[in-house]
Structures are given as C-alpha cells and as structure tokens.
file entry_12.cif (mmCIF, N, CA and C atoms, pLDDT in the B column; chains and numbers go by the auth columns)
data_run
#
loop_
_atom_site.group_PDB
_atom_site.id
_atom_site.type_symbol
_atom_site.label_atom_id
_atom_site.label_comp_id
_atom_site.label_asym_id
_atom_site.label_seq_id
_atom_site.Cartn_x
_atom_site.Cartn_y
_atom_site.Cartn_z
_atom_site.B_iso_or_equiv
_atom_site.auth_seq_id
_atom_site.auth_asym_id
ATOM 1 N N MET A 1 75.718 89.650 103.698 49.00 1 A
ATOM 2 C CA MET A 1 76.722 88.918 102.951 49.00 1 A
ATOM 3 C C MET A 1 77.637 89.909 102.239 49.00 1 A
ATOM 4 N N THR A 2 78.923 89.711 102.366 55.00 2 A
ATOM 5 C CA THR A 2 79.908 90.576 101.733 55.00 2 A
ATOM 6 C C THR A 2 80.368 89.949 100.433 55.00 2 A
ATOM 7 N N THR A 3 80.428 90.769 99.395 57.00 3 A
ATOM 8 C CA THR A 3 80.931 90.268 98.129 57.00 3 A
ATOM 9 C C THR A 3 82.359 90.752 97.941 57.00 3 A
ATOM 10 N N THR A 4 83.156 89.932 97.307 63.00 4 A
ATOM 11 C CA THR A 4 84.541 90.273 97.039 63.00 4 A
ATOM 12 C C THR A 4 84.710 90.473 95.548 63.00 4 A
ATOM 13 N N THR A 5 85.290 91.597 95.179 68.00 5 A
ATOM 14 C CA THR A 5 85.566 91.873 93.784 68.00 5 A
ATOM 15 C C THR A 5 86.988 91.451 93.485 68.00 5 A
ATOM 16 N N VAL A 6 87.140 90.624 92.495 74.00 6 A
ATOM 17 C CA VAL A 6 88.473 90.171 92.091 74.00 6 A
ATOM 18 C C VAL A 6 89.021 91.190 91.099 74.00 6 A
ATOM 19 N N PRO A 7 90.188 91.757 91.401 74.00 7 A
ATOM 20 C CA PRO A 7 90.738 92.767 90.488 74.00 7 A
ATOM 21 C C PRO A 7 91.197 92.139 89.177 74.00 7 A
ATOM 22 N N THR A 8 91.072 92.926 88.137 84.00 8 A
ATOM 23 C CA THR A 8 91.584 92.491 86.844 84.00 8 A
ATOM 24 C C THR A 8 93.112 92.597 86.872 84.00 8 A
ATOM 25 N N ASP A 9 93.758 92.017 85.887 89.00 9 A
ATOM 26 C CA ASP A 9 95.217 92.125 85.805 89.00 9 A
ATOM 27 C C ASP A 9 95.637 93.586 85.714 89.00 9 A
ATOM 28 N N ARG A 10 94.902 94.384 84.948 87.00 10 A
ATOM 29 C CA ARG A 10 95.242 95.803 84.814 87.00 10 A
ATOM 30 C C ARG A 10 95.069 96.540 86.129 87.00 10 A
ATOM 31 N N GLU A 11 94.011 96.233 86.855 83.00 11 A
ATOM 32 C CA GLU A 11 93.805 96.862 88.166 83.00 11 A
ATOM 33 C C GLU A 11 94.902 96.459 89.141 83.00 11 A
ATOM 34 N N ARG A 12 95.293 95.212 89.085 85.00 12 A
ATOM 35 C CA ARG A 12 96.372 94.729 89.959 85.00 12 A
ATOM 36 C C ARG A 12 97.679 95.431 89.614 85.00 12 A
ATOM 37 N N ARG A 13 97.967 95.577 88.325 86.00 13 A
ATOM 38 C CA ARG A 13 99.188 96.286 87.914 86.00 13 A
ATOM 39 C C ARG A 13 99.143 97.747 88.358 86.00 13 A
ATOM 40 N N ALA A 14 97.966 98.365 88.277 84.00 14 A
ATOM 41 C CA ALA A 14 97.832 99.755 88.729 84.00 14 A
ATOM 42 C C ALA A 14 98.097 99.854 90.224 84.00 14 A
ATOM 43 N N ALA A 15 97.562 98.930 90.992 84.00 15 A
ATOM 44 C CA ALA A 15 97.790 98.938 92.436 84.00 15 A
ATOM 45 C C ALA A 15 99.269 98.730 92.751 84.00 15 A
ATOM 46 N N GLN A 16 99.904 97.818 92.055 87.00 16 A
ATOM 47 C CA GLN A 16 101.324 97.563 92.281 87.00 16 A
ATOM 48 C C GLN A 16 102.167 98.784 91.904 87.00 16 A
ATOM 49 N N ALA A 17 101.813 99.435 90.789 87.00 17 A
ATOM 50 C CA ALA A 17 102.544 100.631 90.372 87.00 17 A
ATOM 51 C C ALA A 17 102.365 101.749 91.392 87.00 17 A
ATOM 52 N N TYR A 18 101.159 101.879 91.928 85.00 18 A
ATOM 53 C CA TYR A 18 100.903 102.893 92.949 85.00 18 A
ATOM 54 C C TYR A 18 101.732 102.613 94.203 85.00 18 A
ATOM 55 N N LEU A 19 101.795 101.360 94.617 87.00 19 A
ATOM 56 C CA LEU A 19 102.579 101.017 95.804 87.00 19 A
ATOM 57 C C LEU A 19 104.070 101.276 95.575 87.00 19 A
ATOM 58 N N ARG A 20 104.561 101.037 94.350 88.00 20 A
ATOM 59 C CA ARG A 20 105.961 101.359 94.037 88.00 20 A
ATOM 60 C C ARG A 20 106.171 102.876 94.081 88.00 20 A
ATOM 61 N N LEU A 21 105.192 103.629 93.564 87.00 21 A
ATOM 62 C CA LEU A 21 105.277 105.081 93.610 87.00 21 A
ATOM 63 C C LEU A 21 105.298 105.560 95.058 87.00 21 A
ATOM 64 N N LEU A 22 104.424 105.024 95.871 88.00 22 A
ATOM 65 C CA LEU A 22 104.381 105.392 97.280 88.00 22 A
ATOM 66 C C LEU A 22 105.718 105.100 97.964 88.00 22 A
ATOM 67 N N SER A 23 106.303 103.967 97.666 89.00 23 A
ATOM 68 C CA SER A 23 107.598 103.599 98.229 89.00 23 A
ATOM 69 C C SER A 23 108.686 104.576 97.780 89.00 23 A
ATOM 70 N N ALA A 24 108.666 104.952 96.501 89.00 24 A
ATOM 71 C CA ALA A 24 109.661 105.896 95.979 89.00 24 A
ATOM 72 C C ALA A 24 109.505 107.265 96.623 89.00 24 A
ATOM 73 N N VAL A 25 108.268 107.699 96.841 87.00 25 A
ATOM 74 C CA VAL A 25 108.030 108.991 97.488 87.00 25 A
ATOM 75 C C VAL A 25 108.524 108.961 98.930 87.00 25 A
ATOM 76 N N ARG A 26 108.218 107.891 99.631 88.00 26 A
ATOM 77 C CA ARG A 26 108.701 107.770 101.018 88.00 26 A
ATOM 78 C C ARG A 26 110.223 107.807 101.074 88.00 26 A
ATOM 79 N N ALA A 27 110.862 107.080 100.168 89.00 27 A
ATOM 80 C CA ALA A 27 112.329 107.059 100.130 89.00 27 A
ATOM 81 C C ALA A 27 112.880 108.445 99.807 89.00 27 A
ATOM 82 N N ALA A 28 112.242 109.138 98.878 85.00 28 A
ATOM 83 C CA ALA A 28 112.705 110.475 98.508 85.00 28 A
ATOM 84 C C ALA A 28 112.616 111.429 99.698 85.00 28 A
ATOM 85 N N PHE A 29 111.524 111.351 100.457 86.00 29 A
ATOM 86 C CA PHE A 29 111.402 112.208 101.638 86.00 29 A
ATOM 87 C C PHE A 29 112.410 111.819 102.714 86.00 29 A
ATOM 88 N N ALA A 30 112.677 110.540 102.844 88.00 30 A
ATOM 89 C CA ALA A 30 113.634 110.082 103.854 88.00 30 A
ATOM 90 C C ALA A 30 115.047 110.563 103.528 88.00 30 A
ATOM 91 N N GLU A 31 115.359 110.686 102.247 84.00 31 A
ATOM 92 C CA GLU A 31 116.693 111.091 101.816 84.00 31 A
ATOM 93 C C GLU A 31 116.792 112.587 101.562 84.00 31 A
ATOM 94 N N ALA A 32 115.676 113.288 101.689 76.00 32 A
ATOM 95 C CA ALA A 32 115.635 114.709 101.328 76.00 32 A
ATOM 96 C C ALA A 32 116.534 115.539 102.220 76.00 32 A
ATOM 97 N N GLY A 33 117.222 116.413 101.571 78.00 33 A
ATOM 98 C CA GLY A 33 118.019 117.402 102.293 78.00 33 A
ATOM 99 C C GLY A 33 117.257 118.715 102.250 78.00 33 A
ATOM 100 N N PRO A 34 117.990 119.804 102.165 82.00 34 A
ATOM 101 C CA PRO A 34 117.334 121.109 102.155 82.00 34 A
ATOM 102 C C PRO A 34 116.644 121.435 100.831 82.00 34 A
ATOM 103 N N GLY A 35 116.957 120.702 99.776 81.00 35 A
ATOM 104 C CA GLY A 35 116.371 120.986 98.463 81.00 35 A
ATOM 105 C C GLY A 35 115.036 120.288 98.266 81.00 35 A
ATOM 106 N N PRO A 36 114.520 120.377 97.045 84.00 36 A
ATOM 107 C CA PRO A 36 113.230 119.753 96.743 84.00 36 A
ATOM 108 C C PRO A 36 113.332 118.222 96.725 84.00 36 A
ATOM 109 N N VAL A 37 112.211 117.588 96.975 83.00 37 A
ATOM 110 C CA VAL A 37 112.130 116.130 96.922 83.00 37 A
ATOM 111 C C VAL A 37 111.985 115.724 95.460 83.00 37 A
ATOM 112 N N VAL A 38 112.783 114.753 95.038 83.00 38 A
ATOM 113 C CA VAL A 38 112.752 114.314 93.644 83.00 38 A
ATOM 114 C C VAL A 38 112.338 112.850 93.582 83.00 38 A
ATOM 115 N N VAL A 39 111.274 112.596 92.830 84.00 39 A
ATOM 116 C CA VAL A 39 110.813 111.233 92.577 84.00 39 A
ATOM 117 C C VAL A 39 111.151 110.933 91.124 84.00 39 A
ATOM 118 N N PRO A 40 111.737 109.774 90.853 86.00 40 A
ATOM 119 C CA PRO A 40 112.100 109.451 89.471 86.00 40 A
ATOM 120 C C PRO A 40 110.895 109.556 88.526 86.00 40 A
ATOM 121 N N PRO A 41 111.041 110.290 87.438 90.00 41 A
ATOM 122 C CA PRO A 41 109.937 110.445 86.487 90.00 41 A
ATOM 123 C C PRO A 41 109.410 109.118 85.954 90.00 41 A
ATOM 124 N N SER A 42 110.276 108.127 85.846 91.00 42 A
ATOM 125 C CA SER A 42 109.833 106.830 85.329 91.00 42 A
ATOM 126 C C SER A 42 108.821 106.173 86.259 91.00 42 A
ATOM 127 N N VAL A 43 108.971 106.383 87.574 88.00 43 A
ATOM 128 C CA VAL A 43 108.041 105.812 88.548 88.00 43 A
ATOM 129 C C VAL A 43 106.682 106.496 88.421 88.00 43 A
ATOM 130 N N LEU A 44 106.703 107.813 88.259 87.00 44 A
ATOM 131 C CA LEU A 44 105.457 108.556 88.063 87.00 44 A
ATOM 132 C C LEU A 44 104.766 108.139 86.764 87.00 44 A
ATOM 133 N N ALA A 45 105.543 108.003 85.706 90.00 45 A
ATOM 134 C CA ALA A 45 104.981 107.625 84.411 90.00 45 A
ATOM 135 C C ALA A 45 104.380 106.223 84.454 90.00 45 A
ATOM 136 N N GLU A 46 105.048 105.303 85.140 89.00 46 A
ATOM 137 C CA GLU A 46 104.532 103.939 85.249 89.00 46 A
ATOM 138 C C GLU A 46 103.172 103.933 85.955 89.00 46 A
ATOM 139 N N ALA A 47 103.069 104.660 87.056 86.00 47 A
ATOM 140 C CA ALA A 47 101.808 104.708 87.801 86.00 47 A
ATOM 141 C C ALA A 47 100.711 105.351 86.968 86.00 47 A
ATOM 142 N N ASP A 48 101.031 106.429 86.294 87.00 48 A
ATOM 143 C CA ASP A 48 100.049 107.113 85.448 87.00 48 A
ATOM 144 C C ASP A 48 99.567 106.202 84.332 87.00 48 A
ATOM 145 N N ARG A 49 100.491 105.519 83.677 89.00 49 A
ATOM 146 C CA ARG A 49 100.141 104.612 82.574 89.00 49 A
ATOM 147 C C ARG A 49 99.278 103.455 83.080 89.00 49 A
ATOM 148 N N ALA A 50 99.652 102.889 84.220 87.00 50 A
ATOM 149 C CA ALA A 50 98.894 101.758 84.767 87.00 50 A
ATOM 150 C C ALA A 50 97.473 102.175 85.149 87.00 50 A
ATOM 151 N N LEU A 51 97.323 103.357 85.743 85.00 51 A
ATOM 152 C CA LEU A 51 95.983 103.858 86.072 85.00 51 A
ATOM 153 C C LEU A 51 95.137 104.045 84.817 85.00 51 A
ATOM 154 N N ARG A 52 95.736 104.643 83.816 87.00 52 A
ATOM 155 C CA ARG A 52 95.028 104.881 82.551 87.00 52 A
ATOM 156 C C ARG A 52 94.605 103.556 81.911 87.00 52 A
ATOM 157 N N GLU A 53 95.511 102.592 81.868 89.00 53 A
ATOM 158 C CA GLU A 53 95.201 101.298 81.246 89.00 53 A
ATOM 159 C C GLU A 53 94.125 100.530 82.006 89.00 53 A
ATOM 160 N N ALA A 54 94.048 100.755 83.327 84.00 54 A
ATOM 161 C CA ALA A 54 93.035 100.079 84.141 84.00 54 A
ATOM 162 C C ALA A 54 91.700 100.820 84.117 84.00 54 A
ATOM 163 N N GLY A 55 91.673 101.979 83.450 84.00 55 A
ATOM 164 C CA GLY A 55 90.443 102.761 83.399 84.00 55 A
ATOM 165 C C GLY A 55 90.114 103.412 84.735 84.00 55 A
ATOM 166 N N LEU A 56 91.124 103.672 85.551 78.00 56 A
ATOM 167 C CA LEU A 56 90.903 104.214 86.888 78.00 56 A
ATOM 168 C C LEU A 56 91.304 105.677 87.023 78.00 56 A
ATOM 169 N N THR A 57 91.716 106.314 85.945 78.00 57 A
ATOM 170 C CA THR A 57 92.048 107.729 86.017 78.00 57 A
ATOM 171 C C THR A 57 90.790 108.503 86.380 78.00 57 A
ATOM 172 N N GLY A 58 90.869 109.287 87.438 77.00 58 A
ATOM 173 C CA GLY A 58 89.723 110.067 87.894 77.00 58 A
ATOM 174 C C GLY A 58 88.813 109.324 88.850 77.00 58 A
ATOM 175 N N ALA A 59 89.118 108.068 89.141 75.00 59 A
ATOM 176 C CA ALA A 59 88.311 107.266 90.064 75.00 59 A
ATOM 177 C C ALA A 59 89.154 106.927 91.288 75.00 59 A
ATOM 178 N N GLU A 60 89.682 107.963 91.919 72.00 60 A
ATOM 179 C CA GLU A 60 90.633 107.756 93.013 72.00 60 A
ATOM 180 C C GLU A 60 90.046 106.970 94.177 72.00 60 A
ATOM 181 N N GLU A 61 88.803 107.248 94.525 79.00 61 A
ATOM 182 C CA GLU A 61 88.195 106.548 95.669 79.00 61 A
ATOM 183 C C GLU A 61 88.127 105.042 95.414 79.00 61 A
ATOM 184 N N VAL A 62 87.679 104.667 94.243 77.00 62 A
ATOM 185 C CA VAL A 62 87.605 103.243 93.871 77.00 62 A
ATOM 186 C C VAL A 62 89.006 102.648 93.857 77.00 62 A
ATOM 187 N N PHE A 63 89.944 103.368 93.251 76.00 63 A
ATOM 188 C CA PHE A 63 91.309 102.874 93.130 76.00 63 A
ATOM 189 C C PHE A 63 91.948 102.662 94.504 76.00 63 A
ATOM 190 N N LEU A 64 91.805 103.641 95.391 77.00 64 A
ATOM 191 C CA LEU A 64 92.445 103.517 96.705 77.00 64 A
ATOM 192 C C LEU A 64 91.835 102.397 97.532 77.00 64 A
ATOM 193 N N ARG A 65 90.552 102.135 97.388 79.00 65 A
ATOM 194 C CA ARG A 65 89.955 100.972 98.068 79.00 65 A
ATOM 195 C C ARG A 65 90.599 99.690 97.547 79.00 65 A
ATOM 196 N N ARG A 66 90.789 99.614 96.245 73.00 66 A
ATOM 197 C CA ARG A 66 91.410 98.425 95.653 73.00 66 A
ATOM 198 C C ARG A 66 92.865 98.275 96.075 73.00 66 A
ATOM 199 N N VAL A 67 93.575 99.384 96.158 72.00 67 A
ATOM 200 C CA VAL A 67 94.964 99.332 96.622 72.00 67 A
ATOM 201 C C VAL A 67 95.008 98.811 98.052 72.00 67 A
ATOM 202 N N GLY A 68 94.099 99.290 98.889 76.00 68 A
ATOM 203 C CA GLY A 68 94.044 98.824 100.269 76.00 68 A
ATOM 204 C C GLY A 68 93.822 97.329 100.354 76.00 68 A
ATOM 205 N N ARG A 69 92.913 96.815 99.537 74.00 69 A
ATOM 206 C CA ARG A 69 92.667 95.366 99.541 74.00 69 A
ATOM 207 C C ARG A 69 93.898 94.612 99.040 74.00 69 A
ATOM 208 N N HIS A 70 94.544 95.153 98.007 68.00 70 A
ATOM 209 C CA HIS A 70 95.743 94.491 97.457 68.00 70 A
ATOM 210 C C HIS A 70 96.854 94.471 98.499 68.00 70 A
ATOM 211 N N ALA A 71 97.070 95.613 99.161 71.00 71 A
ATOM 212 C CA ALA A 71 98.125 95.690 100.179 71.00 71 A
ATOM 213 C C ALA A 71 97.838 94.732 101.331 71.00 71 A
ATOM 214 N N ALA A 72 96.582 94.641 101.728 75.00 72 A
ATOM 215 C CA ALA A 72 96.209 93.752 102.833 75.00 72 A
ATOM 216 C C ALA A 72 96.429 92.288 102.446 75.00 72 A
ATOM 217 N N SER A 73 96.219 91.967 101.188 74.00 73 A
ATOM 218 C CA SER A 73 96.378 90.571 100.761 74.00 73 A
ATOM 219 C C SER A 73 97.845 90.157 100.681 74.00 73 A
ATOM 220 N N ARG A 74 98.750 91.134 100.659 68.00 74 A
ATOM 221 C CA ARG A 74 100.182 90.847 100.577 68.00 74 A
ATOM 222 C C ARG A 74 100.784 90.564 101.941 68.00 74 A
ATOM 223 N N THR A 75 100.065 90.862 103.016 63.00 75 A
ATOM 224 C CA THR A 75 100.638 90.679 104.360 63.00 75 A
ATOM 225 C C THR A 75 100.257 89.351 104.942 63.00 75 A
#

call {"tool": "encode", "arguments": {"input": "entry_12.cif", "output": "structure tokens"}}
result
Amino acid sequence: MTTTTVPTDRERRAAQAYLRLLSAVRAAFAEAGPGPVVVPPSVLAEADRALREAGLTGAEEVFLRRVGRHAASRT
C-alpha cells in the first residue's frame, strides 16, 4: 500500500518558488550571450525564503521529491 503525503502550504509555496526559479534559470540560459548568466536576485531570494519557511533548507532530497510530485499534479 502506498501512502500519499499531503504537502503543507509552506511546502507547496517552496515547491512553487523552486519551479519559478527553475523557469527563470532556463530563460536566462536561453537568452544568454557571451557574458555570464544572470538570474534576478528576487527570484533567488523568494526560493531561499520559501525553503527556509518550509523547514526544508538542507533537505534537498526530500524537497526535490515533493517538487516532483507537485509538478506531476499540475499536468
């Protein structure tokens, strides 16, 4: 029997912030010229804050599993 963990609001916000960060990074690489890739600091700060508030800082494996489930539920 498989159990499903329902994410908390904070975990959901962290996953959403991570997905926005991932999107911003992809866009930055797509637009990159010969110089460095620049991701808006506000996007990085939002993801960092959301991870911290969800208590997931340093728990990347747990967080990425949750992001995967969140992303799958959006399709």

call {"tool": "closest_residue", "arguments": {"input": "entry_12.cif", "among": "A:Ala32, A:Leu51, A:Ala14, A:Val25", "to": "Val67 in chain A", "atoms": "only N, CA and C atoms"}}
result
A:Ala14

call {"tool": "closest_residue", "arguments": {"input": "entry_12.cif", "among": "A:Gly68, A:Ala15, A:Gly58, A:Ala24", "to": "Val38 in chain A", "atoms": "only N, CA and C atoms"}}
result
A:Ala24

call {"tool": "closest_residue", "arguments": {"input": "entry_12.cif", "among": "A:Ala30, A:Val37, A:Val43, A:Ala54", "to": "Arg12 in chain A", "atoms": "only N, CA and C atoms"}}
result
A:Ala54

call {"tool": "atom_distance", "arguments": {"input": "entry_12.cif", "atom1": "CA of Arg52 in chain A", "atom2": "atom C of Arg65 in chain A"}}
result
16.5 Å

call {"tool": "select_by_dssp", "arguments": {"input": "entry_12.cif", "residues": "chain A", "states": "helix (DSSP H, G or I)", "output": "compact mmCIF listing (two decimals) with N, CA and C atoms, keeping the file's coordinate frame"}}
result
# COMPACT_ATOMS: atom_id res chain seq x y z
N ASP A 9 93.76 92.02 85.89
CA ASP A 9 95.22 92.12 85.80
C ASP A 9 95.64 93.59 85.71
N ARG A 10 94.90 94.38 84.95
CA ARG A 10 95.24 95.80 84.81
C ARG A 10 95.07 96.54 86.13
N GLU A 11 94.01 96.23 86.86
CA GLU A 11 93.80 96.86 88.17
C GLU A 11 94.90 96.46 89.14
N ARG A 12 95.29 95.21 89.08
CA ARG A 12 96.37 94.73 89.96
C ARG A 12 97.68 95.43 89.61
N ARG A 13 97.97 95.58 88.32
CA ARG A 13 99.19 96.29 87.91
C ARG A 13 99.14 97.75 88.36
N ALA A 14 97.97 98.36 88.28
CA ALA A 14 97.83 99.76 88.73
C ALA A 14 98.10 99.85 90.22
N ALA A 15 97.56 98.93 90.99
CA ALA A 15 97.79 98.94 92.44
C ALA A 15 99.27 98.73 92.75
N GLN A 16 99.90 97.82 92.06
CA GLN A 16 101.32 97.56 92.28
C GLN A 16 102.17 98.78 91.90
N ALA A 17 101.81 99.44 90.79
CA ALA A 17 102.54 100.63 90.37
C ALA A 17 102.36 101.75 91.39
N TYR A 18 101.16 101.88 91.93
CA TYR A 18 100.90 102.89 92.95
C TYR A 18 101.73 102.61 94.20
N LEU A 19 101.80 101.36 94.62
CA LEU A 19 102.58 101.02 95.80
C LEU A 19 104.07 101.28 95.58
N ARG A 20 104.56 101.04 94.35
CA ARG A 20 105.96 101.36 94.04
C ARG A 20 106.17 102.88 94.08
N LEU A 21 105.19 103.63 93.56
CA LEU A 21 105.28 105.08 93.61
C LEU A 21 105.30 105.56 95.06
N LEU A 22 104.42 105.02 95.87
CA LEU A 22 104.38 105.39 97.28
C LEU A 22 105.72 105.10 97.96
N SER A 23 106.30 103.97 97.67
CA SER A 23 107.60 103.60 98.23
C SER A 23 108.69 104.58 97.78
N ALA A 24 108.67 104.95 96.50
CA ALA A 24 109.66 105.90 95.98
C ALA A 24 109.50 107.26 96.62
N VAL A 25 108.27 107.70 96.84
CA VAL A 25 108.03 108.99 97.49
C VAL A 25 108.52 108.96 98.93
N ARG A 26 108.22 107.89 99.63
CA ARG A 26 108.70 107.77 101.02
C ARG A 26 110.22 107.81 101.07
N ALA A 27 110.86 107.08 100.17
CA ALA A 27 112.33 107.06 100.13
C ALA A 27 112.88 108.44 99.81
N ALA A 28 112.24 109.14 98.88
CA ALA A 28 112.70 110.48 98.51
C ALA A 28 112.62 111.43 99.70
N PHE A 29 111.52 111.35 100.46
CA PHE A 29 111.40 112.21 101.64
C PHE A 29 112.41 111.82 102.71
N ALA A 30 112.68 110.54 102.84
CA ALA A 30 113.63 110.08 103.85
C ALA A 30 115.05 110.56 103.53
N GLU A 31 115.36 110.69 102.25
CA GLU A 31 116.69 111.09 101.82
C GLU A 31 116.79 112.59 101.56
N PRO A 41 111.04 110.29 87.44
CA PRO A 41 109.94 110.44 86.49
C PRO A 41 109.41 109.12 85.95
N SER A 42 110.28 108.13 85.85
CA SER A 42 109.83 106.83 85.33
C SER A 42 108.82 106.17 86.26
N VAL A 43 108.97 106.38 87.57
CA VAL A 43 108.04 105.81 88.55
C VAL A 43 106.68 106.50 88.42
N LEU A 44 106.70 107.81 88.26
CA LEU A 44 105.46 108.56 88.06
C LEU A 44 104.77 108.14 86.76
N ALA A 45 105.54 108.00 85.71
CA ALA A 45 104.98 107.62 84.41
C ALA A 45 104.38 106.22 84.45
N GLU A 46 105.05 105.30 85.14
CA GLU A 46 104.53 103.94 85.25
C GLU A 46 103.17 103.93 85.96
N ALA A 47 103.07 104.66 87.06
CA ALA A 47 101.81 104.71 87.80
C ALA A 47 100.71 105.35 86.97
N ASP A 48 101.03 106.43 86.29
CA ASP A 48 100.05 107.11 85.45
C ASP A 48 99.57 106.20 84.33
N ARG A 49 100.49 105.52 83.68
CA ARG A 49 100.14 104.61 82.57
C ARG A 49 99.28 103.46 83.08
N ALA A 50 99.65 102.89 84.22
CA ALA A 50 98.89 101.76 84.77
C ALA A 50 97.47 102.18 85.15
N LEU A 51 97.32 103.36 85.74
CA LEU A 51 95.98 103.86 86.07
C LEU A 51 95.14 104.04 84.82
N ARG A 52 95.74 104.64 83.82
CA ARG A 52 95.03 104.88 82.55
C ARG A 52 94.60 103.56 81.91
N GLU A 53 95.51 102.59 81.87
CA GLU A 53 95.20 101.30 81.25
C GLU A 53 94.12 100.53 82.01
N GLU A 60 89.68 107.96 91.92
CA GLU A 60 90.63 107.76 93.01
C GLU A 60 90.05 106.97 94.18
N GLU A 61 88.80 107.25 94.52
CA GLU A 61 88.20 106.55 95.67
C GLU A 61 88.13 105.04 95.41
N VAL A 62 87.68 104.67 94.24
CA VAL A 62 87.60 103.24 93.87
C VAL A 62 89.01 102.65 93.86
N PHE A 63 89.94 103.37 93.25
CA PHE A 63 91.31 102.87 93.13
C PHE A 63 91.95 102.66 94.50
N LEU A 64 91.80 103.64 95.39
CA LEU A 64 92.44 103.52 96.70
C LEU A 64 91.84 102.40 97.53
N ARG A 65 90.55 102.14 97.39
CA ARG A 65 89.96 100.97 98.07
C ARG A 65 90.60 99.69 97.55
N ARG A 66 90.79 99.61 96.24
CA ARG A 66 91.41 98.42 95.65
C ARG A 66 92.86 98.28 96.08
N VAL A 67 93.58 99.38 96.16
CA VAL A 67 94.96 99.33 96.62
C VAL A 67 95.01 98.81 98.05
N GLY A 68 94.10 99.29 98.89
CA GLY A 68 94.04 98.82 100.27
C GLY A 68 93.82 97.33 100.35
N ARG A 69 92.91 96.82 99.54
CA ARG A 69 92.67 95.37 99.54
C ARG A 69 93.90 94.61 99.04
N HIS A 70 94.54 95.15 98.01
CA HIS A 70 95.74 94.49 97.46
C HIS A 70 96.85 94.47 98.50
N ALA A 71 97.07 95.61 99.16
CA ALA A 71 98.12 95.69 100.18
C ALA A 71 97.84 94.73 101.33
N ALA A 72 96.58 94.64 101.73
CA ALA A 72 96.21 93.75 102.83
C ALA A 72 96.43 92.29 102.45
N SER A 73 96.22 91.97 101.19
CA SER A 73 96.38 90.57 100.76
C SER A 73 97.84 90.16 100.68

call {"tool": "atom_distance", "arguments": {"input": "entry_12.cif", "atom1": "atom C of Ala27 in chain A", "atom2": "atom C of Ala50 in chain A"}}
result
22.2 Å

call {"tool": "closest_residue", "arguments": {"input": "entry_12.cif", "among": "A:Leu64, A:Leu22, A:Gly35, A:Glu53", "to": "Arg10 in chain A", "atoms": "all atoms listed in the file"}}
result
A:Glu53

call {"tool": "atom_distance", "arguments": {"input": "entry_12.cif", "atom1": "CA of Val39 in chain A", "atom2": "CA of Leu21 in chain A"}}
result
8.3 Å

call {"tool": "closest_residue", "arguments": {"input": "entry_12.cif", "among": "A:Ala71, A:Arg13, A:Thr8, A:Arg20", "to": "Arg49 in chain A", "atoms": "all atoms listed in the file"}}
result
A:Arg13

call {"tool": "axis_aligned_box", "arguments": {"input": "entry_12.cif", "around": "range 30-43 of chain A", "padding_each_side": "8 Å", "output": "lines of an AutoDock Vina configuration file"}}
result
center_x = 112.4
center_y = 113.6
center_z = 94.6
size_x = 27.3
size_y = 31.6
size_z = 34.5

call {"tool": "closest_residue", "arguments": {"input": "entry_12.cif", "among": "A:Asp9, A:Tyr18, A:Phe29, A:Phe63", "to": "Asp48 in chain A", "atoms": "all atoms listed in the file"}}
result
A:Tyr18
